[in-house]
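Pasted below: input-v2.pdb, PDB, C-alpha atoms and all ligand atoms.
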ATOM      1  CA  MET A   1      78.838 125.212   0.742
ATOM      2  CA  LEU A   2      81.496 122.958   2.238
ATOM      3  CA  LYS A   3      84.009 124.433  -0.210
ATOM      4  CA  ILE A   4      83.199 127.957   1.006
ATOM      5  CA  PHE A   5      83.483 126.812   4.633
ATOM      6  CA  GLU A   6      86.807 125.043   3.947
ATOM      7  CA  GLU A   7      88.203 128.125   2.217
ATOM      8  CA  ASN A   8      87.191 130.286   5.181
ATOM      9  CA  ARG A   9      88.024 128.050   8.161
ATOM     10  CA  GLY A  10      87.505 129.836  11.452
ATOM     11  CA  VAL A  11      85.857 132.799   9.700
ATOM     12  CA  GLU A  12      82.251 133.684  10.543
ATOM     13  CA  LEU A  13      79.977 133.581   7.488
ATOM     14  CA  SER A  14      76.459 134.959   7.720
ATOM     15  CA  GLY A  15      73.520 132.954   6.417
ATOM     16  CA  GLU A  16      72.806 135.853   4.096
ATOM     17  CA  THR A  17      76.316 135.878   2.567
ATOM     18  CA  LEU A  18      76.250 132.108   2.115
ATOM     19  CA  GLY A  19      72.801 132.264   0.544
ATOM     20  CA  LYS A  20      73.784 135.080  -1.846
ATOM     21  CA  THR A  21      77.044 133.380  -2.885
ATOM     22  CA  LEU A  22      75.267 130.124  -3.614
ATOM     23  CA  GLY A  23      72.089 131.687  -4.975
ATOM     24  CA  VAL A  24      69.839 129.945  -2.453
ATOM     25  CA  SER A  25      67.503 131.022   0.356
ATOM     26  CA  ARG A  26      68.568 131.334   4.000
ATOM     27  CA  THR A  27      66.335 128.357   4.788
ATOM     28  CA  ALA A  28      68.248 126.290   2.249
ATOM     29  CA  VAL A  29      71.498 127.437   3.904
ATOM     30  CA  TRP A  30      70.181 126.390   7.294
ATOM     31  CA  LYS A  31      69.123 122.964   5.945
ATOM     32  CA  THR A  32      72.509 122.381   4.293
ATOM     33  CA  VAL A  33      74.336 123.362   7.475
ATOM     34  CA  GLY A  34      72.208 120.749   9.271
ATOM     35  CA  LYS A  35      73.132 118.126   6.675
ATOM     36  CA  LEU A  36      76.848 118.925   6.930
ATOM     37  CA  ARG A  37      76.624 118.720  10.730
ATOM     38  CA  SER A  38      74.914 115.330  10.469
ATOM     39  CA  GLU A  39      77.897 114.182   8.363
ATOM     40  CA  GLY A  40      80.172 115.152  11.252
ATOM     41  CA  HIS A  41      81.473 118.563  10.147
ATOM     42  CA  GLU A  42      81.897 120.810  13.153
ATOM     43  CA  ILE A  43      80.010 123.941  12.098
ATOM     44  CA  LEU A  44      79.621 126.412  14.940
ATOM     45  CA  SER A  45      76.744 128.883  15.198
ATOM     46  CA  CYS A  46      77.971 132.389  15.906
ATOM     47  CA  THR A  47      76.291 135.033  17.994
ATOM     48  CA  LYS A  48      75.192 137.185  15.047
ATOM     49  CA  GLY A  49      73.432 134.271  13.354
ATOM     50  CA  GLY A  50      76.365 133.271  11.182
ATOM     51  CA  TYR A  51      78.277 130.003  10.904
ATOM     52  CA  THR A  52      81.913 128.982  10.972
ATOM     53  CA  LEU A  53      83.725 125.716  10.218
ATOM     54  CA  SER A  54      85.727 124.923  13.341
ATOM     55  CA  GLU A  55      89.521 124.692  12.991
ATOM     56  CA  GLN A  56      89.223 121.291  14.721
ATOM     57  CA  SER A  57      86.710 119.858  12.241
ATOM     58  CA  ASP A  58      88.411 116.875  10.591
ATOM     59  CA  ILE A  59      86.044 115.053   8.278
ATOM     60  CA  ILE A  60      87.505 113.751   5.029
ATOM     61  CA  SER A  61      85.914 115.264   1.936
ATOM     62  CA  ALA A  62      86.735 115.725  -1.753
ATOM     63  CA  VAL A  63      86.628 119.540  -1.530
ATOM     64  CA  GLY A  64      88.736 119.444   1.637
ATOM     65  CA  ILE A  65      91.419 117.427  -0.202
ATOM     66  CA  GLN A  66      91.156 119.404  -3.439
ATOM     67  CA  MET A  67      91.878 122.653  -1.588
ATOM     68  CA  TYR A  68      95.451 121.496  -0.956
ATOM     69  CA  LEU A  69      96.132 119.758  -4.280
ATOM     70  CA  ARG A  70      98.588 121.325  -6.718
ATOM     71  CA  SER A  71      97.141 119.559  -9.762
ATOM     72  CA  SER A  72      93.699 118.339 -10.642
ATOM     73  CA  HIS A  73      92.598 114.845  -9.576
ATOM     74  CA  GLU A  74      89.219 113.128  -9.585
ATOM     75  CA  ILE A  75      88.560 112.436  -5.880
ATOM     76  CA  THR A  76      85.865 110.026  -4.663
ATOM     77  CA  VAL A  77      85.287 109.821  -0.913
ATOM     78  CA  PHE A  78      83.385 107.036   0.850
ATOM     79  CA  ASP A  79      82.306 107.203   4.453
ATOM     80  CA  GLU A  80      82.871 103.462   4.779
ATOM     81  CA  ILE A  81      83.984 100.882   2.261
ATOM     82  CA  ASP A  82      85.474  97.389   2.314
ATOM     83  CA  SER A  83      88.755  98.440   0.680
ATOM     84  CA  THR A  84      89.720 101.525  -1.336
ATOM     85  CA  ASN A  85      92.058  99.273  -3.351
ATOM     86  CA  SER A  86      89.188  96.967  -4.317
ATOM     87  CA  ARG A  87      86.995  99.926  -5.268
ATOM     88  CA  ALA A  88      89.815 101.604  -7.179
ATOM     89  CA  LYS A  89      90.342  98.398  -9.153
ATOM     90  CA  LEU A  90      86.661  98.309 -10.132
ATOM     91  CA  MET A  91      86.773 101.992 -11.064
ATOM     92  CA  ALA A  92      89.914 101.404 -13.144
ATOM     93  CA  ILE A  93      88.158  98.576 -15.002
ATOM     94  CA  ASP A  94      85.268 101.000 -15.609
ATOM     95  CA  GLY A  95      87.685 103.493 -17.196
ATOM     96  CA  ALA A  96      88.619 105.837 -14.317
ATOM     97  CA  ALA A  97      91.086 108.500 -15.422
ATOM     98  CA  ASP A  98      94.790 108.510 -14.636
ATOM     99  CA  GLY A  99      95.304 110.107 -11.218
ATOM    100  CA  SER A 100      91.830 109.337  -9.848
ATOM    101  CA  VAL A 101      91.846 108.824  -6.097
ATOM    102  CA  VAL A 102      89.521 106.756  -3.904
ATOM    103  CA  VAL A 103      89.426 107.694  -0.226
ATOM    104  CA  ALA A 104      87.535 106.281   2.751
ATOM    105  CA  GLU A 105      86.896 107.503   6.264
ATOM    106  CA  CYS A 106      87.153 103.847   7.345
ATOM    107  CA  GLN A 107      87.549 100.404   5.758
ATOM    108  CA  SER A 108      85.788  97.233   6.856
ATOM    109  CA  GLY A 109      88.176  95.012   4.875
ATOM    110  CA  GLY A 110      91.396  97.003   4.458
ATOM    111  CA  ARG A 111      93.915  94.764   2.689
ATOM    112  CA  GLY A 112      97.635  94.467   3.278
ATOM    113  CA  ARG A 113     100.250  92.447   1.444
ATOM    114  CA  ARG A 114     100.439  88.656   1.583
ATOM    115  CA  GLY A 115      96.773  88.275   2.482
ATOM    116  CA  ARG A 116      97.071  90.313   5.660
ATOM    117  CA  SER A 117      94.448  92.845   6.701
ATOM    118  CA  PHE A 118      95.049  96.542   7.350
ATOM    119  CA  PHE A 119      93.433  97.939  10.503
ATOM    120  CA  SER A 120      91.416 100.957   9.299
ATOM    121  CA  PRO A 121      89.236 102.506  12.028
ATOM    122  CA  ARG A 122      87.170 105.671  11.560
ATOM    123  CA  GLY A 123      88.517 109.114  12.335
ATOM    124  CA  ALA A 124      92.050 108.000  13.192
ATOM    125  CA  GLY A 125      93.866 107.325   9.948
ATOM    126  CA  VAL A 126      93.810 107.970   6.229
ATOM    127  CA  TYR A 127      93.119 105.240   3.693
ATOM    128  CA  PHE A 128      93.284 105.959  -0.019
ATOM    129  CA  SER A 129      94.200 104.503  -3.396
ATOM    130  CA  ILE A 130      95.601 106.324  -6.402
ATOM    131  CA  ILE A 131      94.774 104.950  -9.859
ATOM    132  CA  ILE A 132      97.626 105.355 -12.324
ATOM    133  CA  ARG A 133      97.602 104.599 -16.035
ATOM    134  CA  PRO A 134     101.319 103.863 -16.362
ATOM    135  CA  ASN A 135     103.333 104.324 -19.471
ATOM    136  CA  ILE A 136     106.035 102.055 -18.125
ATOM    137  CA  SER A 137     106.623  98.300 -18.067
ATOM    138  CA  TYR A 138     105.642  95.947 -15.233
ATOM    139  CA  LEU A 139     109.318  95.894 -14.283
ATOM    140  CA  GLN A 140     109.506  99.683 -13.986
ATOM    141  CA  CYS A 141     106.185  99.670 -12.094
ATOM    142  CA  GLN A 142     107.882  97.788  -9.253
ATOM    143  CA  LYS A 143     109.650 101.038  -8.448
ATOM    144  CA  VAL A 144     106.351 102.787  -7.747
ATOM    145  CA  VAL A 145     106.257 100.992  -4.374
ATOM    146  CA  PRO A 146     109.498 102.473  -2.953
ATOM    147  CA  LEU A 147     108.752 105.777  -4.715
ATOM    148  CA  SER A 148     105.416 105.976  -2.866
ATOM    149  CA  ALA A 149     107.177 105.323   0.431
ATOM    150  CA  VAL A 150     109.439 108.323  -0.197
ATOM    151  CA  ALA A 151     106.425 110.469  -1.176
ATOM    152  CA  VAL A 152     104.618 109.576   2.052
ATOM    153  CA  THR A 153     107.647 110.367   4.243
ATOM    154  CA  GLN A 154     107.921 113.776   2.531
ATOM    155  CA  ALA A 155     104.214 114.488   3.074
ATOM    156  CA  ILE A 156     104.391 113.458   6.736
ATOM    157  CA  HIS A 157     107.365 115.751   7.179
ATOM    158  CA  ASP A 158     105.578 118.692   5.544
ATOM    159  CA  VAL A 159     102.227 118.256   7.301
ATOM    160  CA  CYS A 160     103.149 116.738  10.673
ATOM    161  CA  GLY A 161     106.734 117.973  11.056
ATOM    162  CA  LEU A 162     107.909 114.411  11.789
ATOM    163  CA  ASP A 163     110.860 112.479  10.386
ATOM    164  CA  THR A 164     109.846 108.947   9.495
ATOM    165  CA  GLN A 165     111.991 106.154   8.098
ATOM    166  CA  ILE A 166     111.485 103.398   5.579
ATOM    167  CA  LYS A 167     111.812  99.691   6.195
ATOM    168  CA  TRP A 168     112.574  98.027   2.883
ATOM    169  CA  VAL A 169     110.554  97.836   0.841
ATOM    170  CA  ASN A 170     107.455  99.852   1.591
ATOM    171  CA  ASP A 171     106.729 100.192   5.292
ATOM    172  CA  VAL A 172     107.129 103.578   6.920
ATOM    173  CA  TYR A 173     108.211 103.583  10.564
ATOM    174  CA  PHE A 174     108.081 106.121  13.373
ATOM    175  CA  ASN A 175     109.479 105.535  16.871
ATOM    176  CA  GLY A 176     110.289 101.920  15.981
ATOM    177  CA  LYS A 177     106.769 101.022  14.849
ATOM    178  CA  LYS A 178     105.055 100.711  11.482
ATOM    179  CA  VAL A 179     102.794 103.707  10.905
ATOM    180  CA  VAL A 180     102.157 103.434   7.157
ATOM    181  CA  GLY A 181     101.335 100.512   4.899
ATOM    182  CA  ILE A 182     101.617 100.753   1.118
ATOM    183  CA  GLY A 183     100.258  98.092  -1.196
ATOM    184  CA  THR A 184     100.141  98.216  -4.980
ATOM    185  CA  GLU A 185      98.001  96.095  -7.279
ATOM    186  CA  SER A 186      97.680  96.090 -11.031
ATOM    187  CA  ILE A 187      95.176  95.201 -13.687
ATOM    188  CA  GLY A 188      96.120  94.301 -17.218
ATOM    189  CA  GLN A 189      95.868  91.923 -20.147
ATOM    190  CA  LEU A 190      97.952  88.782 -20.449
ATOM    191  CA  GLY A 191     100.791  89.287 -22.906
ATOM    192  CA  GLU A 192     100.974  93.070 -22.509
ATOM    193  CA  ASP A 193     104.239  94.403 -21.112
ATOM    194  CA  LYS A 194     102.642  97.234 -19.168
ATOM    195  CA  PRO A 195      99.585  97.208 -16.902
ATOM    196  CA  GLU A 196      96.335  98.937 -17.822
ATOM    197  CA  ALA A 197      96.240 100.448 -14.373
ATOM    198  CA  LEU A 198      98.283 100.438 -11.228
ATOM    199  CA  ILE A 199      96.544 100.945  -7.889
ATOM    200  CA  VAL A 200      98.698 102.497  -5.172
ATOM    201  CA  GLY A 201      96.988 101.942  -1.812
ATOM    202  CA  ILE A 202      98.229 103.946   1.152
ATOM    203  CA  GLY A 203      97.127 103.653   4.768
ATOM    204  CA  ILE A 204      98.531 105.994   7.443
ATOM    205  CA  ASN A 205      97.887 105.575  11.170
ATOM    206  CA  VAL A 206      97.578 109.197  12.237
ATOM    207  CA  THR A 207      96.156 108.938  15.760
ATOM    208  CA  THR A 208      95.161 105.250  15.730
ATOM    209  CA  ASP A 209      95.606 103.676  19.148
ATOM    210  CA  ASN A 210      93.346 100.724  19.887
ATOM    211  CA  PHE A 211      95.180  98.242  17.663
ATOM    212  CA  PRO A 212      94.163  94.590  17.804
ATOM    213  CA  GLU A 213      96.272  92.499  20.193
ATOM    214  CA  GLU A 214      98.411  90.906  17.467
ATOM    215  CA  LEU A 215      99.557  94.335  16.222
ATOM    216  CA  HIS A 216     100.438  95.850  19.625
ATOM    217  CA  ASP A 217     104.208  95.317  19.272
ATOM    218  CA  LYS A 218     104.450  96.211  15.591
ATOM    219  CA  ALA A 219     101.991  98.966  14.727
ATOM    220  CA  GLY A 220     102.069 102.548  15.907
ATOM    221  CA  SER A 221     100.766 105.908  14.859
ATOM    222  CA  LEU A 222     102.128 109.377  14.169
ATOM    223  CA  GLY A 223     100.353 110.564  17.309
ATOM    224  CA  VAL A 224      99.649 114.096  16.089
ATOM    225  CA  LYS A 225      96.294 115.579  15.278
ATOM    226  CA  VAL A 226      96.472 117.046  11.794
ATOM    227  CA  ASN A 227      94.103 118.000   9.022
ATOM    228  CA  ARG A 228      93.751 114.606   7.354
ATOM    229  CA  ASN A 229      92.500 116.160   4.087
ATOM    230  CA  ARG A 230      95.761 118.086   3.898
ATOM    231  CA  LEU A 231      97.817 114.977   4.652
ATOM    232  CA  ILE A 232      96.121 113.032   1.840
ATOM    233  CA  ALA A 233      96.561 115.954  -0.576
ATOM    234  CA  GLU A 234     100.229 116.346   0.325
ATOM    235  CA  CYS A 235     100.864 112.605  -0.262
ATOM    236  CA  ILE A 236      99.329 113.027  -3.726
ATOM    237  CA  ASN A 237     101.353 116.206  -4.384
ATOM    238  CA  CYS A 238     104.597 114.499  -3.353
ATOM    239  CA  PHE A 239     103.723 111.445  -5.440
ATOM    240  CA  ASP A 240     103.028 113.692  -8.456
ATOM    241  CA  ARG A 241     106.381 115.397  -7.993
ATOM    242  CA  LEU A 242     108.354 112.132  -7.841
ATOM    243  CA  TYR A 243     106.497 109.977 -10.360
ATOM    244  CA  PRO A 244     107.803 111.644 -13.568
ATOM    245  CA  GLY A 245     111.323 110.624 -12.493
ATOM    246  CA  VAL A 246     110.421 106.959 -11.900
ATOM    247  CA  SER A 247     112.174 105.597 -15.015
ATOM    248  CA  GLU A 248     115.407 107.408 -14.126
ATOM    249  CA  SER A 249     115.068 106.269 -10.478
ATOM    250  CA  LEU A 250     115.525 109.848  -9.287
ATOM    251  CA  PHE A 251     113.907 109.033  -5.931
ATOM    252  CA  ILE A 252     116.449 106.329  -5.042
ATOM    253  CA  PRO A 253     119.082 108.534  -3.307
ATOM    254  CA  GLU A 254     116.417 109.822  -0.879
ATOM    255  CA  TYR A 255     115.086 106.282  -0.448
ATOM    256  CA  ARG A 256     118.578 105.085   0.531
ATOM    257  CA  GLN A 257     118.930 107.900   3.073
ATOM    258  CA  LYS A 258     115.629 107.030   4.728
ATOM    259  CA  CYS A 259     115.960 103.230   4.577
ATOM    260  CA  PHE A 260     116.973 102.205   8.104
ATOM    261  CA  VAL A 261     117.675  98.603   7.093
ATOM    262  CA  LEU A 262     120.926  99.485   5.317
ATOM    263  CA  GLY A 263     124.057  98.479   7.215
ATOM    264  CA  LYS A 264     122.039  96.145   9.490
ATOM    265  CA  LYS A 265     122.106  92.365   9.905
ATOM    266  CA  VAL A 266     118.807  90.972   8.685
ATOM    267  CA  ASN A 267     116.875  87.768   8.458
ATOM    268  CA  VAL A 268     115.777  87.259   4.863
ATOM    269  CA  LEU A 269     112.303  85.781   5.046
ATOM    270  CA  CYS A 270     111.699  83.502   2.098
ATOM    271  CA  GLU A 271     111.129  79.793   1.589
ATOM    272  CA  LYS A 272     114.469  79.022   3.278
ATOM    273  CA  PRO A 273     115.182  82.028   5.579
ATOM    274  CA  TYR A 274     118.824  83.031   6.025
ATOM    275  CA  GLU A 275     120.928  85.731   7.699
ATOM    276  CA  ALA A 276     122.582  88.495   5.689
ATOM    277  CA  LEU A 277     123.988  92.003   5.854
ATOM    278  CA  ALA A 278     121.865  94.635   4.089
ATOM    279  CA  LEU A 279     124.264  96.657   1.929
ATOM    280  CA  ASP A 280     122.420  98.819  -0.568
ATOM    281  CA  VAL A 281     119.271  99.501  -2.561
ATOM    282  CA  ASP A 282     119.838  99.372  -6.312
ATOM    283  CA  GLU A 283     118.293 101.564  -9.029
ATOM    284  CA  ASN A 284     115.268  99.244  -9.235
ATOM    285  CA  GLY A 285     114.544  99.436  -5.531
ATOM    286  CA  ALA A 286     115.891  95.909  -4.952
ATOM    287  CA  LEU A 287     117.811  95.240  -1.724
ATOM    288  CA  ILE A 288     121.377  94.022  -2.081
ATOM    289  CA  VAL A 289     122.510  91.807   0.775
ATOM    290  CA  GLU A 290     125.685  89.903   1.491
ATOM    291  CA  THR A 291     125.509  86.365   2.754
ATOM    292  CA  GLU A 292     128.381  83.884   3.088
ATOM    293  CA  GLY A 293     130.613  86.205   1.037
ATOM    294  CA  LYS A 294     128.136  86.409  -1.869
ATOM    295  CA  LEU A 295     126.020  89.354  -3.001
ATOM    296  CA  VAL A 296     122.317  88.599  -3.454
ATOM    297  CA  THR A 297     119.763  90.964  -5.018
ATOM    298  CA  LEU A 298     116.368  90.699  -3.342
ATOM    299  CA  ASN A 299     113.419  91.518  -5.497
ATOM    300  CA  THR A 300     110.636  93.553  -3.937
ATOM    301  CA  GLU A 301     107.909  91.068  -4.758
ATOM    302  CA  GLU A 302     109.613  87.946  -3.478
ATOM    303  CA  VAL A 303     110.819  88.469   0.048
ATOM    304  CA  SER A 304     110.786  90.595   3.158
ATOM    305  CA  VAL A 305     113.468  91.141   5.760
ATOM    306  CA  ARG A 306     113.545  91.448   9.534
ATOM    307  CA  ILE A 307     116.330  93.262  11.359
ATOM    308  CA  ILE A 308     118.120  90.960  13.789
TER     309      ILE A 308
HETATM  310  C1  LIG B 401     100.755  96.494   3.900
HETATM  311  O1  LIG B 401     101.287  97.103   4.822
HETATM  312  O2  LIG B 401     100.843  95.264   3.808
HETATM  313  C2  LIG B 401      99.990  97.267   2.866
HETATM  314  C3  LIG B 401      98.818  97.969   3.476
HETATM  315  C4  LIG B 401      98.057  98.830   2.496
HETATM  316  C5  LIG B 401      96.856  99.455   3.150
HETATM  317  C6  LIG B 401      96.154 100.432   2.263
HETATM  318  S1  LIG B 401      94.901 101.311   3.116
HETATM  319  C7  LIG B 401      94.279 101.936   1.639
HETATM  320  C8  LIG B 401      94.350 100.810   0.628
HETATM  321  N1  LIG B 401      93.168  99.974   0.714
HETATM  322  C9  LIG B 401      93.447  98.745   1.103
HETATM  323  O3  LIG B 401      92.613  97.837   1.262
HETATM  324  N2  LIG B 401      94.776  98.614   1.312
HETATM  325  C10 LIG B 401      95.467  99.854   1.038
END
What does this structure look like when you write it as structure tokens?
Ligand code: BTN
Amino acid sequence: MLKIFEENRGVELSGETLGKTLGVSRTAVWKTVGKLRSEGHEILSCTKGGYTLSEQSDIISAVGIQMYLRSSHEITVFDEIDSTNSRAKLMAIDGAADGSVVVAECQSGGRGRRGRSFFSPRGAGVYFSIIIRPNISYLQCQKVVPLSAVAVTQAIHDVCGLDTQIKWVNDVYFNGKKVVGIGTESIGQLGEDKPEALIVGIGINVTTDNFPEELHDKAGSLGVKVNRNRLIAECINCFDRLYPGVSESLFIPEYRQKCFVLGKKVNVLCEKPYEALALDVDENGALIVETEGKLVTLNTEEVSVRII
């Protein structure tokens, strides 16, 4: 029934039509409408006894995402979960298919890089993980991080009409604040040169505002109310479009254009931090900096940079 409602947003559907289409009684229709409402879907009763899914209704659902997808993906949606990355990992171990996606309305233990947490409140952002069965080496897989950042900026542009930028390597910024976090994890056997599965976890702050104190200066949100199902689907569509070109690094020119670190003086944060000038991003997504007259290639996994 939700699929029919999603496909007819804003259109009044009579109980009779719904019942006939689904082959169920009007009482069953009424009960299902009640269940969908209890899940948060805004289903309005119309004067002539029909129902309509409000244009404003914004509950994440598999059918809501699937409506906007250009290719087929297994989508699993949780109302609340500790971390979509953790769940995706378990599902990958259990044999989940390439392209499966795990989504949550909120996360109680959203994980960021370097042991940090990712603030994931209900109704304000999107949190999802794509499971990939890569046919490429661990080395090539490193490029999936910057590739995902490009995919997300494209999706945000298409759905929200906003131009976001990338801070090397995988943070997406808007109005000077981080609005997207991307974290990849892999599972595999020792000795193999390619992982069994790669988990690409993406968290977007859409309308998030009540950030914890320590994030006030750094984290922001897109600040526009959009259909979050569509935003998730568009991220997947953009990812699907870019991923086949990962080995040839076809996404790199667009990454360079959107990477606002290039040409800036940065602090390279590693064991012994130092100052450098960010010059370029190479074909592997590594940042090339100049320090004391020498060129240094910074690997995505090892370091991060802060603009001075
Ligand atoms: C970072 O900025 O350090 C990476 C943040 C990644 C957050 C996303 S939200 C969906 C997925 N599930 C998680 O627990 N983490 C990723």
On this structure, which residues satisfy the PyMOL selection byres (((not hetatm)) within 9 of (chain B and resi 401)), written as a PyMOL selection string? chain A and resi 82-88+102-104+107-120+126-129+170-172+178+180-184+199-204
Of A:Ala62, A:Ile131, A:Leu287, A:Ala124, the one nearest to Ser100 (chain A) when counting all atoms listed in the file is A:Ile131
For Arg241 (chain A), list every protein, DNA or RNA residue within 12 Å, evaluated using only C-alpha atoms, and leave out those in the same chain fewer than 5 positions away; present the list as an MDAnalysis selection string. chainID A and resid 69:71 147:148 150:152 154:155 234:236 246 250:251
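Between Val169 (chain A) and the residues A:Gln142, A:Ser25, A:Ser247, A:Asn8, the shortest atom-to-atom distance, using all atoms listed in the file, involves A:Gln142.
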Within 10 Å of Asp217 (chain A), counting all atoms listed in the file, which residues qualify if same-chain residues fewer than 6 places away don't, as number ranges by chain? A: 176-178, 211
If you count all atoms listed in the file, the residue of A:Ile59, A:Leu262, A:Leu231, A:Ala149 closest to Ser38 (chain A) turns out to be A:Ile59
Polymer residues at most 7 Å from (85.2, 123.2, -0.3) by all atoms listed in the file, as a PDB file with C-alpha atoms, keeping the file's coordinate frame:
ATOM      1  CA  MET A   1      78.838 125.212   0.742  1.00  0.00           C
ATOM      2  CA  LEU A   2      81.496 122.958   2.238  1.00  0.00           C
ATOM      3  CA  LYS A   3      84.009 124.433  -0.210  1.00  0.00           C
ATOM      4  CA  ILE A   4      83.199 127.957   1.006  1.00  0.00           C
ATOM      5  CA  PHE A   5      83.483 126.812   4.633  1.00  0.00           C
ATOM      6  CA  GLU A   6      86.807 125.043   3.947  1.00  0.00           C
ATOM      7  CA  GLU A   7      88.203 128.125   2.217  1.00  0.00           C
ATOM      8  CA  VAL A  63      86.628 119.540  -1.530  1.00  0.00           C
ATOM      9  CA  GLY A  64      88.736 119.444   1.637  1.00  0.00           C
ATOM     10  CA  MET A  67      91.878 122.653  -1.588  1.00  0.00           C
TER      11      MET A  67
END
State, in Å with one decimal place, the distance from CA of Leu298 (chain A) to CA of Glu248 (chain A).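 CA of Glu248 (chain A) lies at a distance of 19.9 Å from CA of Leu298 (chain A).
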Chain and number of each residue from the PyMOL selection byres (((chain A and resi 225) around 10) and not hetatm), as a list of chain:residue names: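 Output from the PyMOL selection byres (((chain A and resi 225) around 10) and not hetatm), applied to this file: A:Gln56, A:Asp58, A:Ala124, A:Cys160, A:Val206, A:Thr207, A:Leu222, A:Gly223, A:Val224, A:Val226, A:Asn227, A:Arg228.
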Mind dumping the selected residues with C-alpha atoms as a PDB file, in the frame of the given file?
ATOM      1  CA  GLN A  56      89.223 121.291  14.721  1.00  0.00           C
ATOM      2  CA  ASP A  58      88.411 116.875  10.591  1.00  0.00           C
ATOM      3  CA  ALA A 124      92.050 108.000  13.192  1.00  0.00           C
ATOM      4  CA  CYS A 160     103.149 116.738  10.673  1.00  0.00           C
ATOM      5  CA  VAL A 206      97.578 109.197  12.237  1.00  0.00           C
ATOM      6  CA  THR A 207      96.156 108.938  15.760  1.00  0.00           C
ATOM      7  CA  LEU A 222     102.128 109.377  14.169  1.00  0.00           C
ATOM      8  CA  GLY A 223     100.353 110.564  17.309  1.00  0.00           C
ATOM      9  CA  VAL A 224      99.649 114.096  16.089  1.00  0.00           C
ATOM     10  CA  VAL A 226      96.472 117.046  11.794  1.00  0.00           C
ATOM     11  CA  ASN A 227      94.103 118.000   9.022  1.00  0.00           C
ATOM     12  CA  ARG A 228      93.751 114.606   7.354  1.00  0.00           C
TER      13      ARG A 228
END
For a quick check of understanding, using only C-alpha atoms, which of A:Glu185, A:Ala286, A:Arg26, A:Ser14 has the smallest distance to Leu90 (chain A)? A:Glu185
Edge lengths and centre, in Å to one decimal, as JSON: that's what I need for the box along x, y and z that holds all listed atoms of region 241-253 of chain A plus 8 Å on each side.
{"center_x": 112.7, "center_y": 110.5, "center_z": -9.2, "size_x": 28.7, "size_y": 25.8, "size_z": 27.7}
Two-atom distance - CA of Lys258 (chain A), CA of Asn135 (chain A) (Å):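 Answer for the CA of Lys258 (chain A) to CA of Asn135 (chain A) separation: 27.3 Å.
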Neighbour list for region 263-267 of chain A as an MDAnalysis selection string, cut-off 10 Å, all atoms listed in the file, skip fewer than 3 positions in-chain: chainID A and resid 259:260 270 273:280 289:291 304:308
Quick one: residues within 12 Å of Gly191 (chain A), all atoms listed in the file counted, chain neighbours fewer than 5 positions away excluded, as a list of chain:residue names? A:Ser137, A:Tyr138, A:Glu196
